[in-house]
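One structure is given here, and the rest of the page talks about it.
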Amino acid sequence: MSNEMIIKENGGYLAAAINLADLFSEEMDGLTPTFDRIKIPAGGGISYEVPGDDPSNPDSVKEFKAVILYHHPIHSYYKEKFTGGNNPPDCGSMDGKIGVVAETGECKNCGSCPYAKFGSGDNGGMACKQKRRVYILREGEILPVILTVPTGSLKEFTKYVTRLLQKGKKTNSVVTKFTLKKVQNSTGITFSQVVCSVDRTLSPDEQQNINAMSEQVKSFAGHVAITDAE
């Protein structure tokens, strides 16, 4: 039975039972894992750019729903300003604790790094950008996509995670609705802020499958490179 047939027959998030490790070992041998990205607009826009059927023409949506399989901090420092492309950072961290200098392979402590201090970057911010990479699974799909929560949305995302924990839930136990709101920081710069809310709780069968998939994503998440497109 094909993956497509499994999705159509089961519906919901039951298709997550597919073993990603087996799928990757068959099709990705020798290749670096990569995933589609959901992009956040600049300048306070309130519509996400999400992957659609045509890779060259992503869909624009004001909201979408998905399960958060796994999330972790990423830090990235670039000597030069972003000019487009998918270049790796000059120094990057996949856990928010240890940064690796791309040119030399040297490991640095993020906590004591001068680029991780306020005032080291533009407008009094940090030169090293602190974000959170979120692996999410949309209904009817078998592979996760990545949403990178930017610095200006980390506080709201933290509040959402905390609210779930206060109710004894994890982020992978519910379907999350993602929207955007237009906000302005203390220096007058307008940007788009990620807003999360609970759509529904997963069924027991869905939860069992999602738990297995979350563990699989966690096992390979550290091997997915950071790029300046995030």
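In the structure tokens, chains take the letters A, B, ... in the order shown, each chain's residues start at 1, and ligands count up from 1 in the order shown.
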
Exercise. Which of range 54-165 of chain A counts as alpha helix (DSSP H) under DSSP, as a ChimeraX atom specification please?
Worked result: /A:154-165

Problem set entry | DSSP strand (DSSP E) residues within range 36-186 of chain A, as a PyMOL selection string | chain A and resi 37-38+48-50+59-61+64-77+91-93+98-101+107-109+128-137+145-149+174-184

For this session: Would you mind listing what lies within 12 Å of Lys169 in chain A as a list in words, with only C-alpha atoms counted and same-chain residues fewer than 6 positions away left out?
Result: Tyr160, Val161, Thr162, Arg163, Val175, Val198, Arg200, Thr201, Leu202 and Gln207 of chain A

Generate a file of the selected residues that holds all heavy atoms, formatted as a PDB file, in the first residue's frame.
ATOM      1  N   TYR A 160       3.718  30.306  24.966  1.00  0.00           N
ATOM      2  CA  TYR A 160       2.838  29.238  24.481  1.00  0.00           C
ATOM      3  C   TYR A 160       3.273  27.889  25.047  1.00  0.00           C
ATOM      4  O   TYR A 160       2.443  27.114  25.550  1.00  0.00           O
ATOM      5  CB  TYR A 160       2.861  29.211  22.957  1.00  0.00           C
ATOM      6  CG  TYR A 160       2.054  28.071  22.360  1.00  0.00           C
ATOM      7  CD1 TYR A 160       0.681  28.002  22.543  1.00  0.00           C
ATOM      8  CD2 TYR A 160       2.678  27.065  21.615  1.00  0.00           C
ATOM      9  CE1 TYR A 160      -0.059  26.959  21.992  1.00  0.00           C
ATOM     10  CE2 TYR A 160       1.948  26.019  21.067  1.00  0.00           C
ATOM     11  CZ  TYR A 160       0.574  25.980  21.266  1.00  0.00           C
ATOM     12  OH  TYR A 160      -0.149  24.945  20.731  1.00  0.00           O
ATOM     13  N   VAL A 161       4.554  27.605  24.975  1.00  0.00           N
ATOM     14  CA  VAL A 161       5.078  26.343  25.509  1.00  0.00           C
ATOM     15  C   VAL A 161       4.794  26.246  27.006  1.00  0.00           C
ATOM     16  O   VAL A 161       4.393  25.190  27.516  1.00  0.00           O
ATOM     17  CB  VAL A 161       6.585  26.217  25.232  1.00  0.00           C
ATOM     18  CG1 VAL A 161       7.158  24.971  25.910  1.00  0.00           C
ATOM     19  CG2 VAL A 161       6.857  26.164  23.736  1.00  0.00           C
ATOM     20  N   THR A 162       4.983  27.345  27.710  1.00  0.00           N
ATOM     21  CA  THR A 162       4.749  27.363  29.160  1.00  0.00           C
ATOM     22  C   THR A 162       3.286  27.097  29.493  1.00  0.00           C
ATOM     23  O   THR A 162       2.980  26.353  30.439  1.00  0.00           O
ATOM     24  CB  THR A 162       5.188  28.710  29.754  1.00  0.00           C
ATOM     25  OG1 THR A 162       6.569  28.948  29.454  1.00  0.00           O
ATOM     26  CG2 THR A 162       5.013  28.728  31.266  1.00  0.00           C
ATOM     27  N   ARG A 163       2.374  27.697  28.722  1.00  0.00           N
ATOM     28  CA  ARG A 163       0.938  27.460  28.961  1.00  0.00           C
ATOM     29  C   ARG A 163       0.600  25.986  28.804  1.00  0.00           C
ATOM     30  O   ARG A 163      -0.194  25.431  29.576  1.00  0.00           O
ATOM     31  CB  ARG A 163       0.097  28.308  28.010  1.00  0.00           C
ATOM     32  CG  ARG A 163       0.106  29.796  28.306  1.00  0.00           C
ATOM     33  CD  ARG A 163      -1.038  30.524  27.605  1.00  0.00           C
ATOM     34  NE  ARG A 163      -0.994  30.365  26.159  1.00  0.00           N
ATOM     35  CZ  ARG A 163      -0.365  31.189  25.333  1.00  0.00           C
ATOM     36  NH1 ARG A 163       0.300  32.220  25.834  1.00  0.00           N
ATOM     37  NH2 ARG A 163      -0.364  31.000  24.032  1.00  0.00           N
ATOM     38  N   VAL A 175      -2.555  19.849  18.289  1.00  0.00           N
ATOM     39  CA  VAL A 175      -2.454  20.505  16.986  1.00  0.00           C
ATOM     40  C   VAL A 175      -2.393  22.004  17.259  1.00  0.00           C
ATOM     41  O   VAL A 175      -3.261  22.556  17.944  1.00  0.00           O
ATOM     42  CB  VAL A 175      -3.652  20.178  16.084  1.00  0.00           C
ATOM     43  CG1 VAL A 175      -3.534  20.916  14.752  1.00  0.00           C
ATOM     44  CG2 VAL A 175      -3.760  18.673  15.853  1.00  0.00           C
ATOM     45  N   VAL A 198      -3.741  26.636  20.696  1.00  0.00           N
ATOM     46  CA  VAL A 198      -4.141  25.238  20.590  1.00  0.00           C
ATOM     47  C   VAL A 198      -5.404  25.123  19.733  1.00  0.00           C
ATOM     48  O   VAL A 198      -6.391  25.814  19.977  1.00  0.00           O
ATOM     49  CB  VAL A 198      -4.403  24.625  21.977  1.00  0.00           C
ATOM     50  CG1 VAL A 198      -4.957  23.201  21.836  1.00  0.00           C
ATOM     51  CG2 VAL A 198      -3.119  24.614  22.799  1.00  0.00           C
ATOM     52  N   ARG A 200      -6.584  21.701  18.821  1.00  0.00           N
ATOM     53  CA  ARG A 200      -7.210  20.534  19.454  1.00  0.00           C
ATOM     54  C   ARG A 200      -6.132  19.625  20.030  1.00  0.00           C
ATOM     55  O   ARG A 200      -4.948  19.744  19.688  1.00  0.00           O
ATOM     56  CB  ARG A 200      -8.059  19.752  18.456  1.00  0.00           C
ATOM     57  CG  ARG A 200      -7.273  19.037  17.348  1.00  0.00           C
ATOM     58  CD  ARG A 200      -8.187  18.193  16.476  1.00  0.00           C
ATOM     59  NE  ARG A 200      -7.476  17.557  15.369  1.00  0.00           N
ATOM     60  CZ  ARG A 200      -6.871  16.360  15.445  1.00  0.00           C
ATOM     61  NH1 ARG A 200      -6.891  15.683  16.586  1.00  0.00           N
ATOM     62  NH2 ARG A 200      -6.262  15.849  14.384  1.00  0.00           N
ATOM     63  N   THR A 201      -6.556  18.718  20.907  1.00  0.00           N
ATOM     64  CA  THR A 201      -5.661  17.710  21.454  1.00  0.00           C
ATOM     65  C   THR A 201      -5.671  16.485  20.548  1.00  0.00           C
ATOM     66  O   THR A 201      -6.709  16.120  19.996  1.00  0.00           O
ATOM     67  CB  THR A 201      -6.113  17.306  22.879  1.00  0.00           C
ATOM     68  OG1 THR A 201      -6.105  18.470  23.715  1.00  0.00           O
ATOM     69  CG2 THR A 201      -5.191  16.259  23.467  1.00  0.00           C
ATOM     70  N   LEU A 202      -4.529  15.846  20.394  1.00  0.00           N
ATOM     71  CA  LEU A 202      -4.443  14.656  19.559  1.00  0.00           C
ATOM     72  C   LEU A 202      -5.204  13.490  20.186  1.00  0.00           C
ATOM     73  O   LEU A 202      -5.315  13.382  21.408  1.00  0.00           O
ATOM     74  CB  LEU A 202      -2.982  14.246  19.369  1.00  0.00           C
ATOM     75  CG  LEU A 202      -2.083  15.195  18.578  1.00  0.00           C
ATOM     76  CD1 LEU A 202      -0.658  14.639  18.555  1.00  0.00           C
ATOM     77  CD2 LEU A 202      -2.585  15.385  17.161  1.00  0.00           C
ATOM     78  N   GLN A 207      -1.451  10.322  19.013  1.00  0.00           N
ATOM     79  CA  GLN A 207      -0.361  10.624  19.934  1.00  0.00           C
ATOM     80  C   GLN A 207       0.715   9.559  19.901  1.00  0.00           C
ATOM     81  O   GLN A 207       1.915   9.859  19.917  1.00  0.00           O
ATOM     82  CB  GLN A 207      -0.901  10.766  21.357  1.00  0.00           C
ATOM     83  CG  GLN A 207       0.136  11.241  22.363  1.00  0.00           C
ATOM     84  CD  GLN A 207       0.602  12.656  22.080  1.00  0.00           C
ATOM     85  OE1 GLN A 207      -0.144  13.605  22.261  1.00  0.00           O
ATOM     86  NE2 GLN A 207       1.839  12.810  21.616  1.00  0.00           N
TER      87      GLN A 207
END

Seminar exercise, completed: Closest of A:Lys170, A:His71, A:Arg37, A:Lys79 to Asp59 in chain A, counting only C-alpha atoms, is A:Arg37

For this session: Check the smallest atom-to-atom distance from each of A:Asn209, A:Ser203, A:Gln130, A:Asn123 to Lys97 in chain A using only C-alpha atoms, then report the winner.
Result: A:Gln130

Problem set entry | 10 Å contact set for Gly12 in chain A, only C-alpha atoms, chain neighbours under 5 positions out, as a list of chain:residue names | A:Ile7, A:Arg138, A:Glu139, A:Gly140, A:Glu141, A:Leu202, A:Ser203, A:Asp205, A:Glu206

Output for the residues just chosen: all heavy atoms as a compact mmCIF listing (two decimals), in the first residue's frame:
# COMPACT_ATOMS: atom_id res chain seq x y z
N ILE A 7 -2.33 7.71 3.95
CA ILE A 7 -2.79 9.02 4.39
C ILE A 7 -4.28 9.19 4.15
O ILE A 7 -5.03 9.63 5.02
CB ILE A 7 -2.00 10.14 3.66
CG1 ILE A 7 -0.54 10.10 4.10
CG2 ILE A 7 -2.59 11.50 3.97
CD1 ILE A 7 0.35 10.99 3.28
N ARG A 138 2.26 18.81 9.08
CA ARG A 138 0.91 19.20 8.68
C ARG A 138 0.08 17.95 8.37
O ARG A 138 0.61 16.92 7.95
CB ARG A 138 0.97 20.13 7.46
CG ARG A 138 1.67 21.45 7.75
CD ARG A 138 1.66 22.37 6.55
NE ARG A 138 2.51 21.86 5.47
CZ ARG A 138 2.65 22.46 4.30
NH1 ARG A 138 1.99 23.58 4.05
NH2 ARG A 138 3.45 21.96 3.38
N GLU A 139 -1.20 18.05 8.59
CA GLU A 139 -2.09 16.91 8.38
C GLU A 139 -2.02 16.43 6.94
O GLU A 139 -1.99 17.24 6.00
CB GLU A 139 -3.53 17.29 8.74
CG GLU A 139 -4.48 16.10 8.72
CD GLU A 139 -5.85 16.44 9.27
OE1 GLU A 139 -6.05 17.58 9.73
OE2 GLU A 139 -6.73 15.57 9.23
N GLY A 140 -1.98 15.10 6.75
CA GLY A 140 -1.94 14.53 5.41
C GLY A 140 -0.56 14.45 4.81
O GLY A 140 -0.41 14.09 3.65
N GLU A 141 0.50 14.79 5.59
CA GLU A 141 1.86 14.72 5.10
C GLU A 141 2.67 13.73 5.93
O GLU A 141 2.31 13.43 7.08
CB GLU A 141 2.50 16.11 5.11
CG GLU A 141 1.79 17.11 4.20
CD GLU A 141 2.52 18.44 4.09
OE1 GLU A 141 3.50 18.65 4.85
OE2 GLU A 141 2.12 19.25 3.24
N LEU A 202 -4.53 15.85 20.39
CA LEU A 202 -4.44 14.66 19.56
C LEU A 202 -5.20 13.49 20.19
O LEU A 202 -5.32 13.38 21.41
CB LEU A 202 -2.98 14.25 19.37
CG LEU A 202 -2.08 15.19 18.58
CD1 LEU A 202 -0.66 14.64 18.56
CD2 LEU A 202 -2.59 15.39 17.16
N SER A 203 -5.71 12.61 19.35
CA SER A 203 -6.33 11.38 19.83
C SER A 203 -5.24 10.44 20.33
O SER A 203 -4.06 10.60 19.98
CB SER A 203 -7.12 10.72 18.70
OG SER A 203 -6.23 10.16 17.74
N ASP A 205 -4.48 7.41 19.46
CA ASP A 205 -3.79 6.76 18.35
C ASP A 205 -2.84 7.73 17.65
O ASP A 205 -1.71 7.37 17.29
CB ASP A 205 -4.80 6.20 17.34
CG ASP A 205 -5.51 4.96 17.85
OD1 ASP A 205 -4.98 4.32 18.79
OD2 ASP A 205 -6.59 4.63 17.33
N GLU A 206 -3.31 8.95 17.44
CA GLU A 206 -2.46 9.96 16.82
C GLU A 206 -1.23 10.23 17.69
O GLU A 206 -0.11 10.34 17.20
CB GLU A 206 -3.23 11.26 16.61
CG GLU A 206 -4.26 11.21 15.50
CD GLU A 206 -5.05 12.51 15.41
OE1 GLU A 206 -5.43 13.06 16.47
OE2 GLU A 206 -5.29 12.98 14.29

Exercise. Which residue out of A:Ser112, A:Asn172, A:Thr187, A:Ser56 has the minimum interatomic distance to Met213 in chain A when only C-alpha atoms are used?
Worked result: A:Asn172

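Nearest residue to Lys182 in chain A among A:Ala212, A:Ala42, A:His223, A:Cys113 is A:Ala42, counting only C-alpha atoms.
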
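Between CA of Tyr77 in chain A and CA of Val101 in chain A there is a distance of 9.3 Å.
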
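Closest to Ser153 in chain A among A:Ile40, A:Lys177, A:Gly124, A:Gly96 is A:Ile40, based on only C-alpha atoms.
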
Exercise. Of the residues A:Gln216, A:Ser197, A:Asn57, A:Ser186, which is the one nearest to Val174 in chain A, using only C-alpha atoms?
Worked result: A:Ser197

For this session: Please indicate the distance in Å from CA of Pro88 in chain A to CA of Pro114 in chain A, rounded to one decimal place.
Result: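 Going from CA of Pro88 in chain A over to CA of Pro114 in chain A covers 20.0 Å.
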
Which residues of range 193-222 of chain A come within 12 Å of range 145-151 of chain A, and for each one, what is the closest pair of atoms and their distance in Å to one decimal, counting only C-alpha atoms, sorted by chain and residue number, as CSV?
residue,atom,partner,partner_atom,distance
A:Gln193,CA,A:Pro150,CA,8.1
A:Val194,CA,A:Val149,CA,7.1
A:Val195,CA,A:Val149,CA,10.0
A:Cys196,CA,A:Val149,CA,11.0
A:Val217,CA,A:Val145,CA,10.9
A:Ala221,CA,A:Ile146,CA,10.5

For this session: For Thr227 in chain A, work out the shell of residues within 12 Å, counting only C-alpha atoms and skipping chain neighbours fewer than 3 positions away, then give it as a PyMOL selection string.
Result: chain A and resi 34-35+37+74-78+82+84-94+133+148+224+230

Would you put the residues from that selection into a file with N, CA and C atoms, as a short mmCIF file (atom, residue, chain, number, x, y, z; two decimals), in the first residue's frame?
data_model
loop_
_atom_site.label_atom_id
_atom_site.label_comp_id
_atom_site.auth_asym_id
_atom_site.auth_seq_id
_atom_site.Cartn_x
_atom_site.Cartn_y
_atom_site.Cartn_z
N THR A 34 17.43 17.54 4.12
CA THR A 34 16.95 18.91 3.96
C THR A 34 15.44 18.88 3.95
N PHE A 35 14.83 19.97 4.39
CA PHE A 35 13.38 20.01 4.50
C PHE A 35 12.86 21.34 3.97
N ARG A 37 10.85 24.79 3.95
CA ARG A 37 10.72 25.81 4.98
C ARG A 37 9.41 26.57 4.85
N ILE A 74 18.71 27.59 17.76
CA ILE A 74 19.83 27.72 16.83
C ILE A 74 20.38 29.14 16.95
N HIS A 75 21.69 29.25 16.98
CA HIS A 75 22.36 30.55 16.99
C HIS A 75 23.17 30.66 15.71
N SER A 76 23.16 31.82 15.11
CA SER A 76 23.93 31.99 13.87
C SER A 76 24.54 33.39 13.81
N TYR A 77 25.83 33.42 13.53
CA TYR A 77 26.56 34.68 13.40
C TYR A 77 27.13 34.80 11.99
N TYR A 78 26.84 35.92 11.35
CA TYR A 78 27.38 36.22 10.02
C TYR A 78 28.19 37.51 10.08
N PHE A 82 22.98 39.71 5.48
CA PHE A 82 22.31 38.77 4.59
C PHE A 82 22.07 39.39 3.22
N GLY A 84 20.96 37.17 0.59
CA GLY A 84 20.22 36.14 -0.14
C GLY A 84 21.05 34.88 -0.29
N GLY A 85 20.36 33.76 -0.50
CA GLY A 85 21.06 32.50 -0.67
C GLY A 85 20.88 31.58 0.52
N ASN A 86 21.64 30.50 0.53
CA ASN A 86 21.55 29.50 1.59
C ASN A 86 22.93 29.20 2.17
N ASN A 87 23.70 30.23 2.44
CA ASN A 87 25.05 30.05 2.96
C ASN A 87 25.02 29.72 4.45
N PRO A 88 25.93 28.86 4.90
CA PRO A 88 26.02 28.57 6.33
C PRO A 88 26.59 29.77 7.08
N PRO A 89 26.31 29.90 8.36
CA PRO A 89 26.84 31.03 9.14
C PRO A 89 28.34 30.89 9.36
N ASP A 90 28.99 32.01 9.66
CA ASP A 90 30.41 31.98 9.99
C ASP A 90 30.63 31.26 11.31
N CYS A 91 29.63 31.30 12.18
CA CYS A 91 29.65 30.52 13.41
C CYS A 91 28.21 30.15 13.73
N GLY A 92 27.97 28.88 14.02
CA GLY A 92 26.60 28.44 14.27
C GLY A 92 26.53 27.46 15.41
N SER A 93 25.39 27.46 16.08
CA SER A 93 25.17 26.53 17.20
C SER A 93 23.83 25.84 17.01
N MET A 94 23.81 24.52 17.22
CA MET A 94 22.58 23.74 17.09
C MET A 94 21.93 23.47 18.44
N ARG A 133 14.40 26.59 15.94
CA ARG A 133 13.98 25.80 14.79
C ARG A 133 12.87 24.84 15.24
N THR A 148 11.30 28.50 11.30
CA THR A 148 12.29 29.10 12.19
C THR A 148 11.66 30.29 12.90
N VAL A 224 20.91 18.73 10.35
CA VAL A 224 20.33 19.60 9.32
C VAL A 224 20.98 20.97 9.44
N GLU A 230 17.29 31.23 7.00
CA GLU A 230 16.45 31.04 8.20
C GLU A 230 16.37 32.34 8.98
#
